[in-house]
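Enquirer: My structure is in start-v9.cif, and what it holds is mmCIF, C-alpha atoms; chains and numbers go by the auth columns:
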```cif
data_protein
#
loop_
_atom_site.group_PDB
_atom_site.id
_atom_site.type_symbol
_atom_site.label_atom_id
_atom_site.label_comp_id
_atom_site.label_asym_id
_atom_site.label_seq_id
_atom_site.Cartn_x
_atom_site.Cartn_y
_atom_site.Cartn_z
_atom_site.B_iso_or_equiv
_atom_site.auth_seq_id
_atom_site.auth_asym_id
ATOM 1 C CA MET A 1 6.019 12.293 44.463 0.00 20 A
ATOM 2 C CA ILE A 2 4.468 15.324 42.761 0.00 21 A
ATOM 3 C CA ASN A 3 1.573 14.960 40.296 0.00 22 A
ATOM 4 C CA ALA A 4 3.653 15.948 37.253 0.00 23 A
ATOM 5 C CA THR A 5 6.136 13.124 37.997 0.00 24 A
ATOM 6 C CA LYS A 6 3.318 10.589 38.424 0.00 25 A
ATOM 7 C CA LYS A 7 1.805 11.780 35.139 0.00 26 A
ATOM 8 C CA TRP A 8 5.167 11.429 33.368 0.00 27 A
ATOM 9 C CA ILE A 9 5.682 7.876 34.730 0.00 28 A
ATOM 10 C CA PHE A 10 2.158 6.841 33.656 0.00 29 A
ATOM 11 C CA LEU A 11 2.765 8.376 30.212 0.00 30 A
ATOM 12 C CA LYS A 12 5.979 6.401 29.783 0.00 31 A
ATOM 13 C CA ILE A 13 4.512 3.103 31.022 0.00 32 A
ATOM 14 C CA SER A 14 1.488 3.475 28.734 0.00 33 A
ATOM 15 C CA SER A 15 3.696 4.320 25.743 0.00 34 A
ATOM 16 C CA VAL A 16 5.854 1.195 26.277 0.00 35 A
ATOM 17 C CA ILE A 17 2.680 -0.938 26.325 0.00 36 A
ATOM 18 C CA LEU A 18 1.031 0.978 23.476 0.00 37 A
ATOM 19 C CA VAL A 19 3.798 0.794 20.830 0.00 38 A
ATOM 20 C CA PRO A 20 3.547 -3.018 20.223 0.00 39 A
ATOM 21 C CA LEU A 21 -0.277 -2.829 20.460 0.00 40 A
ATOM 22 C CA MET A 22 -0.286 -0.070 17.807 0.00 41 A
ATOM 23 C CA ILE A 23 1.824 -2.173 15.421 0.00 42 A
ATOM 24 C CA TRP A 24 -0.421 -5.208 16.052 0.00 43 A
ATOM 25 C CA PHE A 25 -3.581 -3.159 15.388 0.00 44 A
ATOM 26 C CA LEU A 26 -2.202 -1.542 12.205 0.00 45 A
ATOM 27 C CA LEU A 27 -1.142 -4.912 10.765 0.00 46 A
ATOM 28 C CA ASN A 28 -4.675 -6.209 11.360 0.00 47 A
ATOM 29 C CA LEU A 29 -6.403 -2.998 10.240 0.00 48 A
ATOM 30 C CA VAL A 30 -4.794 -3.079 6.779 0.00 49 A
ATOM 31 C CA SER A 31 -5.763 -6.738 6.429 0.00 50 A
ATOM 32 C CA PHE A 32 -9.475 -6.400 7.270 0.00 51 A
ATOM 33 C CA TYR A 33 -10.612 -2.789 6.700 0.00 52 A
ATOM 34 C CA ASP A 34 -12.273 -3.571 3.345 0.00 53 A
ATOM 35 C CA LYS A 35 -13.521 -7.040 4.285 0.00 54 A
ATOM 36 C CA SER A 36 -17.143 -8.106 4.704 0.00 55 A
ATOM 37 C CA TYR A 37 -19.257 -7.519 7.815 0.00 56 A
ATOM 38 C CA ASP A 38 -18.758 -11.113 9.000 0.00 57 A
ATOM 39 C CA GLU A 39 -14.972 -10.935 8.829 0.00 58 A
ATOM 40 C CA VAL A 40 -14.800 -7.555 10.642 0.00 59 A
ATOM 41 C CA PHE A 41 -17.334 -8.786 13.219 0.00 60 A
ATOM 42 C CA LEU A 42 -15.287 -11.944 13.796 0.00 61 A
ATOM 43 C CA PHE A 43 -12.110 -9.932 14.352 0.00 62 A
ATOM 44 C CA PHE A 44 -13.621 -7.728 17.048 0.00 63 A
ATOM 45 C CA THR A 45 -15.572 -10.471 18.833 0.00 64 A
ATOM 46 C CA THR A 46 -13.161 -13.408 19.015 0.00 65 A
ATOM 47 C CA GLN A 47 -10.068 -13.962 21.134 0.00 66 A
ATOM 48 C CA PRO A 48 -7.233 -13.017 21.212 0.00 67 A
ATOM 49 C CA SER A 49 -8.033 -9.993 18.988 0.00 68 A
ATOM 50 C CA LYS A 50 -10.901 -8.902 21.251 0.00 69 A
ATOM 51 C CA PHE A 51 -8.644 -8.854 24.320 0.00 70 A
ATOM 52 C CA LEU A 52 -5.742 -7.139 22.519 0.00 71 A
ATOM 53 C CA PHE A 53 -8.056 -4.565 20.935 0.00 72 A
ATOM 54 C CA SER A 54 -9.590 -3.822 24.373 0.00 73 A
ATOM 55 C CA LEU A 55 -6.082 -3.210 25.748 0.00 74 A
ATOM 56 C CA PHE A 56 -5.281 -1.032 22.717 0.00 75 A
ATOM 57 C CA ILE A 57 -8.367 1.123 23.295 0.00 76 A
ATOM 58 C CA ILE A 58 -7.764 1.461 27.062 0.00 77 A
ATOM 59 C CA PHE A 59 -4.073 2.340 26.791 0.00 78 A
ATOM 60 C CA GLY A 60 -4.669 4.407 23.629 0.00 79 A
ATOM 61 C CA TYR A 61 -7.127 6.741 25.370 0.00 80 A
ATOM 62 C CA PHE A 62 -5.094 6.774 28.586 0.00 81 A
ATOM 63 C CA TYR A 63 -1.970 7.828 26.676 0.00 82 A
ATOM 64 C CA SER A 64 -3.925 10.316 24.521 0.00 83 A
ATOM 65 C CA ALA A 65 -5.500 12.003 27.547 0.00 84 A
ATOM 66 C CA LEU A 66 -2.136 12.377 29.281 0.00 85 A
ATOM 67 C CA SER A 67 -0.360 13.698 26.178 0.00 86 A
ATOM 68 C CA ILE A 68 -3.143 16.111 25.158 0.00 87 A
ATOM 69 C CA SER A 69 -3.270 17.476 28.713 0.00 88 A
ATOM 70 C CA GLU A 70 0.427 18.316 28.212 0.00 89 A
ATOM 71 C CA VAL A 71 -0.576 20.339 25.135 0.00 90 A
ATOM 72 C CA PHE A 72 -3.216 22.154 27.248 0.00 91 A
ATOM 73 C CA GLU A 73 -0.538 22.822 29.881 0.00 92 A
ATOM 74 C CA ASP A 74 1.681 24.468 27.246 0.00 93 A
ATOM 75 C CA TYR A 75 -0.885 26.477 25.297 0.00 94 A
ATOM 76 C CA ILE A 76 -3.723 27.409 27.690 0.00 95 A
ATOM 77 C CA SER A 77 -2.704 30.095 30.157 0.00 96 A
ATOM 78 C CA ASN A 78 -6.144 30.659 31.739 0.00 97 A
ATOM 79 C CA GLN A 79 -6.317 28.277 34.726 0.00 98 A
ATOM 80 C CA LYS A 80 -10.127 27.953 34.690 0.00 99 A
ATOM 81 C CA LEU A 81 -10.208 27.177 30.981 0.00 100 A
ATOM 82 C CA LYS A 82 -7.381 24.672 31.397 0.00 101 A
ATOM 83 C CA ASN A 83 -9.284 22.885 34.191 0.00 102 A
ATOM 84 C CA VAL A 84 -12.444 22.676 32.076 0.00 103 A
ATOM 85 C CA ALA A 85 -10.446 21.412 29.070 0.00 104 A
ATOM 86 C CA ASN A 86 -8.666 18.779 31.185 0.00 105 A
ATOM 87 C CA LYS A 87 -11.851 17.584 32.890 0.00 106 A
ATOM 88 C CA SER A 88 -13.674 17.318 29.534 0.00 107 A
ATOM 89 C CA LEU A 89 -10.703 15.437 28.083 0.00 108 A
ATOM 90 C CA TYR A 90 -10.565 12.935 30.971 0.00 109 A
ATOM 91 C CA LEU A 91 -14.325 12.419 30.812 0.00 110 A
ATOM 92 C CA PHE A 92 -14.086 11.778 27.057 0.00 111 A
ATOM 93 C CA ALA A 93 -11.146 9.387 27.595 0.00 112 A
ATOM 94 C CA ILE A 94 -13.205 7.392 30.117 0.00 113 A
ATOM 95 C CA ILE A 95 -16.624 7.357 28.425 0.00 114 A
ATOM 96 C CA ILE A 96 -15.544 6.396 24.883 0.00 115 A
ATOM 97 C CA PRO A 97 -13.395 3.335 25.758 0.00 116 A
ATOM 98 C CA ILE A 98 -15.868 2.067 28.390 0.00 117 A
ATOM 99 C CA SER A 99 -18.822 2.342 25.998 0.00 118 A
ATOM 100 C CA THR A 100 -16.779 0.647 23.255 0.00 119 A
ATOM 101 C CA LEU A 101 -15.810 -2.201 25.585 0.00 120 A
ATOM 102 C CA LEU A 102 -19.467 -2.612 26.593 0.00 121 A
ATOM 103 C CA LEU A 103 -20.394 -2.682 22.903 0.00 122 A
ATOM 104 C CA LEU A 104 -17.759 -5.336 22.223 0.00 123 A
ATOM 105 C CA PHE A 105 -19.137 -7.360 25.129 0.00 124 A
ATOM 106 C CA LYS A 106 -22.688 -7.008 23.758 0.00 125 A
ATOM 107 C CA LEU A 107 -21.545 -7.971 20.250 0.00 126 A
ATOM 108 C CA SER A 108 -19.889 -11.129 21.589 0.00 127 A
ATOM 109 C CA LEU A 109 -23.079 -12.367 23.276 0.00 128 A
ATOM 110 C CA MET B 1 -5.883 50.901 14.914 0.00 12 B
ATOM 111 C CA LYS B 2 -6.701 47.817 16.910 0.00 13 B
ATOM 112 C CA ASP B 3 -6.498 45.602 13.802 0.00 14 B
ATOM 113 C CA LYS B 4 -3.159 47.098 12.817 0.00 15 B
ATOM 114 C CA ASN B 5 -1.411 46.095 16.000 0.00 16 B
ATOM 115 C CA PRO B 6 1.629 43.992 15.144 0.00 17 B
ATOM 116 C CA LEU B 7 1.316 40.360 16.133 0.00 18 B
ATOM 117 C CA SER B 8 3.977 38.587 18.096 0.00 19 B
ATOM 118 C CA PRO B 9 6.199 36.757 15.594 0.00 20 B
ATOM 119 C CA HIS B 10 6.129 33.646 17.867 0.00 21 B
ATOM 120 C CA ILE B 11 7.306 30.567 15.971 0.00 22 B
ATOM 121 C CA GLN B 12 7.274 32.089 12.476 0.00 23 B
ATOM 122 C CA ILE B 13 10.619 33.870 12.913 0.00 24 B
ATOM 123 C CA TYR B 14 12.545 30.769 13.915 0.00 25 B
ATOM 124 C CA SER B 15 14.144 28.664 11.190 0.00 26 B
ATOM 125 C CA TRP B 16 12.873 25.106 11.064 0.00 27 B
ATOM 126 C CA HIS B 17 14.993 22.330 12.507 0.00 28 B
ATOM 127 C CA ILE B 18 14.460 18.598 12.322 0.00 29 B
ATOM 128 C CA SER B 19 13.863 18.395 16.080 0.00 30 B
ATOM 129 C CA SER B 20 11.205 21.140 16.026 0.00 31 B
ATOM 130 C CA LEU B 21 9.519 19.549 12.999 0.00 32 B
ATOM 131 C CA VAL B 22 9.408 16.119 14.682 0.00 33 B
ATOM 132 C CA SER B 23 8.266 17.628 17.991 0.00 34 B
ATOM 133 C CA ILE B 24 5.363 19.555 16.428 0.00 35 B
ATOM 134 C CA SER B 25 4.427 16.589 14.227 0.00 36 B
ATOM 135 C CA HIS B 26 4.473 14.332 17.316 0.00 37 B
ATOM 136 C CA ARG B 27 1.879 16.555 18.985 0.00 38 B
ATOM 137 C CA ILE B 28 -0.249 16.924 15.850 0.00 39 B
ATOM 138 C CA THR B 29 -0.257 13.158 15.143 0.00 40 B
ATOM 139 C CA GLY B 30 -1.103 12.578 18.830 0.00 41 B
ATOM 140 C CA VAL B 31 -4.280 14.631 18.464 0.00 42 B
ATOM 141 C CA ILE B 32 -5.070 13.062 15.045 0.00 43 B
ATOM 142 C CA ASN B 33 -4.623 9.551 16.509 0.00 44 B
ATOM 143 C CA THR B 34 -7.149 10.338 19.243 0.00 45 B
ATOM 144 C CA VAL B 35 -9.662 11.353 16.546 0.00 46 B
ATOM 145 C CA ILE B 36 -8.855 8.159 14.594 0.00 47 B
ATOM 146 C CA LEU B 37 -9.262 6.037 17.737 0.00 48 B
ATOM 147 C CA THR B 38 -12.704 7.615 18.233 0.00 49 B
ATOM 148 C CA LEU B 39 -13.608 6.880 14.597 0.00 50 B
ATOM 149 C CA VAL B 40 -12.591 3.236 15.128 0.00 51 B
ATOM 150 C CA CYS B 41 -14.883 3.099 18.199 0.00 52 B
ATOM 151 C CA PHE B 42 -17.671 4.591 16.071 0.00 53 B
ATOM 152 C CA TRP B 43 -16.973 1.974 13.381 0.00 54 B
ATOM 153 C CA ILE B 44 -17.374 -0.796 16.003 0.00 55 B
ATOM 154 C CA SER B 45 -20.670 0.705 17.181 0.00 56 B
ATOM 155 C CA LEU B 46 -21.940 0.435 13.574 0.00 57 B
ATOM 156 C CA LEU B 47 -21.436 -3.344 13.799 0.00 58 B
ATOM 157 C CA LEU B 48 -24.343 -3.368 16.267 0.00 59 B
ATOM 158 C CA PHE B 49 -26.763 -2.499 13.462 0.00 60 B
ATOM 159 C CA GLY B 50 -26.045 -5.770 11.697 0.00 61 B
ATOM 160 C CA ASN B 51 -24.842 -6.460 8.185 0.00 62 B
ATOM 161 C CA THR B 52 -27.775 -4.912 6.272 0.00 63 B
ATOM 162 C CA ASN B 53 -26.173 -1.467 5.893 0.00 64 B
ATOM 163 C CA TYR B 54 -22.539 -2.508 6.281 0.00 65 B
ATOM 164 C CA ASP B 55 -22.094 -2.468 2.467 0.00 66 B
ATOM 165 C CA LEU B 56 -21.966 1.346 2.743 0.00 67 B
ATOM 166 C CA ILE B 57 -18.918 1.148 5.037 0.00 68 B
ATOM 167 C CA GLN B 58 -17.284 -1.411 2.768 0.00 69 B
ATOM 168 C CA LYS B 59 -17.929 0.810 -0.267 0.00 70 B
ATOM 169 C CA PHE B 60 -16.533 3.850 1.573 0.00 71 B
ATOM 170 C CA PHE B 61 -13.249 2.015 2.201 0.00 72 B
ATOM 171 C CA GLU B 62 -13.043 1.201 -1.502 0.00 73 B
ATOM 172 C CA THR B 63 -13.141 4.912 -2.450 0.00 74 B
ATOM 173 C CA PHE B 64 -10.031 7.095 -2.774 0.00 75 B
ATOM 174 C CA PHE B 65 -10.907 8.939 0.447 0.00 76 B
ATOM 175 C CA GLY B 66 -11.426 5.669 2.328 0.00 77 B
ATOM 176 C CA LYS B 67 -8.057 4.301 1.212 0.00 78 B
ATOM 177 C CA PHE B 68 -6.404 7.668 1.972 0.00 79 B
ATOM 178 C CA LEU B 69 -7.889 7.505 5.484 0.00 80 B
ATOM 179 C CA ILE B 70 -6.418 4.042 6.056 0.00 81 B
ATOM 180 C CA VAL B 71 -2.970 4.971 4.647 0.00 82 B
ATOM 181 C CA GLY B 72 -3.035 8.192 6.699 0.00 83 B
ATOM 182 C CA THR B 73 -3.997 6.252 9.822 0.00 84 B
ATOM 183 C CA VAL B 74 -1.131 3.800 9.367 0.00 85 B
ATOM 184 C CA TRP B 75 1.365 6.639 8.740 0.00 86 B
ATOM 185 C CA SER B 76 0.122 8.714 11.668 0.00 87 B
ATOM 186 C CA PHE B 77 0.346 5.800 14.141 0.00 88 B
ATOM 187 C CA SER B 78 3.724 4.731 12.678 0.00 89 B
ATOM 188 C CA PHE B 79 5.086 8.252 13.154 0.00 90 B
ATOM 189 C CA GLN B 80 3.774 8.368 16.719 0.00 91 B
ATOM 190 C CA ALA B 81 5.250 4.934 17.552 0.00 92 B
ATOM 191 C CA LEU B 82 8.717 5.789 16.178 0.00 93 B
ATOM 192 C CA SER B 83 8.716 9.233 17.760 0.00 94 B
ATOM 193 C CA GLU B 84 7.687 7.715 21.093 0.00 95 B
ATOM 194 C CA ILE B 85 10.552 5.190 20.859 0.00 96 B
ATOM 195 C CA ARG B 86 12.883 8.200 20.263 0.00 97 B
ATOM 196 C CA HIS B 87 11.461 9.829 23.411 0.00 98 B
ATOM 197 C CA LEU B 88 11.981 6.612 25.402 0.00 99 B
ATOM 198 C CA PHE B 89 15.678 6.575 24.413 0.00 100 B
ATOM 199 C CA TRP B 90 15.950 10.199 25.560 0.00 101 B
ATOM 200 C CA ASP B 91 14.325 9.193 28.861 0.00 102 B
ATOM 201 C CA ILE B 92 17.157 6.741 29.555 0.00 103 B
ATOM 202 C CA GLY B 93 19.688 9.446 28.667 0.00 104 B
ATOM 203 C CA LEU B 94 20.581 8.368 25.129 0.00 105 B
ATOM 204 C CA GLY B 95 20.614 10.381 21.899 0.00 106 B
ATOM 205 C CA PHE B 96 20.885 13.943 23.192 0.00 107 B
ATOM 206 C CA GLU B 97 23.916 14.904 21.067 0.00 108 B
ATOM 207 C CA LEU B 98 22.900 17.308 18.298 0.00 109 B
ATOM 208 C CA LYS B 99 24.175 15.075 15.497 0.00 110 B
ATOM 209 C CA ILE B 100 22.454 11.959 16.870 0.00 111 B
ATOM 210 C CA SER B 101 19.271 13.914 17.661 0.00 112 B
ATOM 211 C CA ASN B 102 19.122 15.133 14.039 0.00 113 B
ATOM 212 C CA MET B 103 19.781 11.614 12.758 0.00 114 B
ATOM 213 C CA THR B 104 17.056 10.062 14.917 0.00 115 B
ATOM 214 C CA GLY B 105 14.688 12.871 13.871 0.00 116 B
ATOM 215 C CA LEU B 106 15.294 12.027 10.218 0.00 117 B
ATOM 216 C CA LEU B 107 14.928 8.345 11.078 0.00 118 B
ATOM 217 C CA VAL B 108 11.494 9.051 12.576 0.00 119 B
ATOM 218 C CA ILE B 109 10.362 11.053 9.511 0.00 120 B
ATOM 219 C CA PHE B 110 11.594 8.649 6.826 0.00 121 B
ATOM 220 C CA GLY B 111 11.102 5.574 9.027 0.00 122 B
ATOM 221 C CA SER B 112 7.401 6.368 9.405 0.00 123 B
ATOM 222 C CA PHE B 113 6.964 6.117 5.619 0.00 124 B
ATOM 223 C CA VAL B 114 9.037 2.928 5.453 0.00 125 B
ATOM 224 C CA LEU B 115 7.093 1.409 8.377 0.00 126 B
ATOM 225 C CA THR B 116 3.805 2.335 6.646 0.00 127 B
ATOM 226 C CA ILE B 117 4.941 0.455 3.515 0.00 128 B
ATOM 227 C CA ILE B 118 6.150 -2.550 5.581 0.00 129 B
ATOM 228 C CA ILE B 119 2.829 -2.711 7.482 0.00 130 B
ATOM 229 C CA PHE B 120 0.909 -2.691 4.192 0.00 131 B
ATOM 230 C CA ILE B 121 3.163 -5.378 2.672 0.00 132 B
ATOM 231 C CA LEU B 122 2.820 -7.631 5.747 0.00 133 B
ATOM 232 C CA GLY B 123 -0.839 -6.852 6.452 0.00 134 B
ATOM 233 C CA ARG B 124 -2.016 -7.337 2.875 0.00 135 B
ATOM 234 C CA ASN B 125 0.254 -10.402 2.339 0.00 136 B
ATOM 235 C CA LEU B 126 1.790 -8.757 -0.706 0.00 137 B
ATOM 236 C CA PHE B 127 4.795 -11.108 -0.668 0.00 138 B
#
```
Starting from the file, give its structure as structure tokens.
Expert:
Amino acid sequence: MINATKKWIFLKISSVILVPLMIWFLLNLVSFYDKSYDEVFLFFTTQPSKFLFSLFIIFGYFYSALSISEVFEDYISNQKLKNVANKSLYLFAIIIPISTLLLLFKLSL
Amino acid sequence: MKDKNPLSPHIQIYSWHISSLVSISHRITGVINTVILTLVCFWISLLLFGNTNYDLIQKFFETFFGKFLIVGTVWSFSFQALSEIRHLFWDIGLGFELKISNMTGLLVIFGSFVLTIIIFILGRNLF
């Protein structure tokens, strides 16, 4: 299987998982965005919202990285520049969710 | 002379179609959603500092810009979700006919606004 096919399959799997997680997150976001610190803190640190939010962040960045790399593929013709853009994107999509998950873990202690 | 060189007309010369509008919007909202996701992660990191300065965040969300950001977030994710569902139907070979493709494109555009309203009604317990 070539890389482009693998990438497409991963993109589709992540989108199927992400759509219900997006709806779940939006429903919760509109209910707590203007609430007090304690209520927001409770949402992010208690189950099942903590687990579902972690999944949302992981699949959200995974999907974003794959779809933005498609944009790079279409609009960046210089191969070197495209490689740098893709590597920076993947690094960003790994560092941000991992540090957020570590933060959530620290907040729950 | 260099500045007067004609530019390639690229996409400007093509008339807009629903499918091109939805396709471009899908890409734009994809990038916007990544920025929003990062802002949400930043918001969570602010929780680490405790509740002493959290009033500022709460006050920000009460401003027009704060509310606009939330409404925009809900619309952007709604658009992306509906557009992605449209793509998934295409992936199983459904909805390629021009008439159906235009209808589903319109459904994504108007549906994203309807879904935004529904999410607010359900999320804020307005009924």
Enquirer: Kindly indicate which residue among A:Met20, A:Ser68, A:Ile115, A:Asn97 lies nearest to chain B, using only C-alpha atoms for the distances.
Expert: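 Ranking A:Met20, A:Ser68, A:Ile115, A:Asn97 by distance to chain B, first place goes to A:Ile115.
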Enquirer: Tell me, in Å to one decimal, how far CA of Phe78 (chain A) is from CA of Asp102 (chain B).
Expert: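 Answer for the CA of Phe78 (chain A) to CA of Asp102 (chain B) separation: 19.7 Å.
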Enquirer: Would you give me, as number ranges by chain, the residues of chain B that come within 6 Å of chain A, using all atoms listed in the file?
Expert: B: 52, 62, 69, 72, 92, 130, 134-135
Enquirer: When the PyMOL selection byres ((chain B and resi 113) around 12) is applied to the structure above, which residues does it catch, written out as a count of residues only?
Expert: 22
Enquirer: Each side padded by 3 Å, which centre and which edge lengths in Å (one decimal) define the axis-aligned box around the listed atoms of region 31-47 of chain A? Give them as JSON.
Expert:
```
{"center_x": 0.7, "center_y": 0.1, "center_z": 20.9, "size_x": 16.7, "size_y": 18.6, "size_z": 26.3}
```
Enquirer: Measure the distance from CA of Val125 (chain B) to CA of His98 (chain B) in Å and round it to one decimal.
Expert: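 Going from CA of Val125 (chain B) over to CA of His98 (chain B) covers 19.4 Å.
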Enquirer: Could you check the closest approach to Ser127 (chain A) for each of B:Gly41, B:Ser87, B:Leu58, B:Val46 and tell me which residue wins, using all atoms listed in the file?
Expert: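 So, comparing all the options, the nearest one is B:Leu58.
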Enquirer: Take CA of Glu95 (chain B) and CA of Gln98 (chain A) and report the distance between them in Å, one decimal.
Expert: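 So the answer is 28.4 Å.
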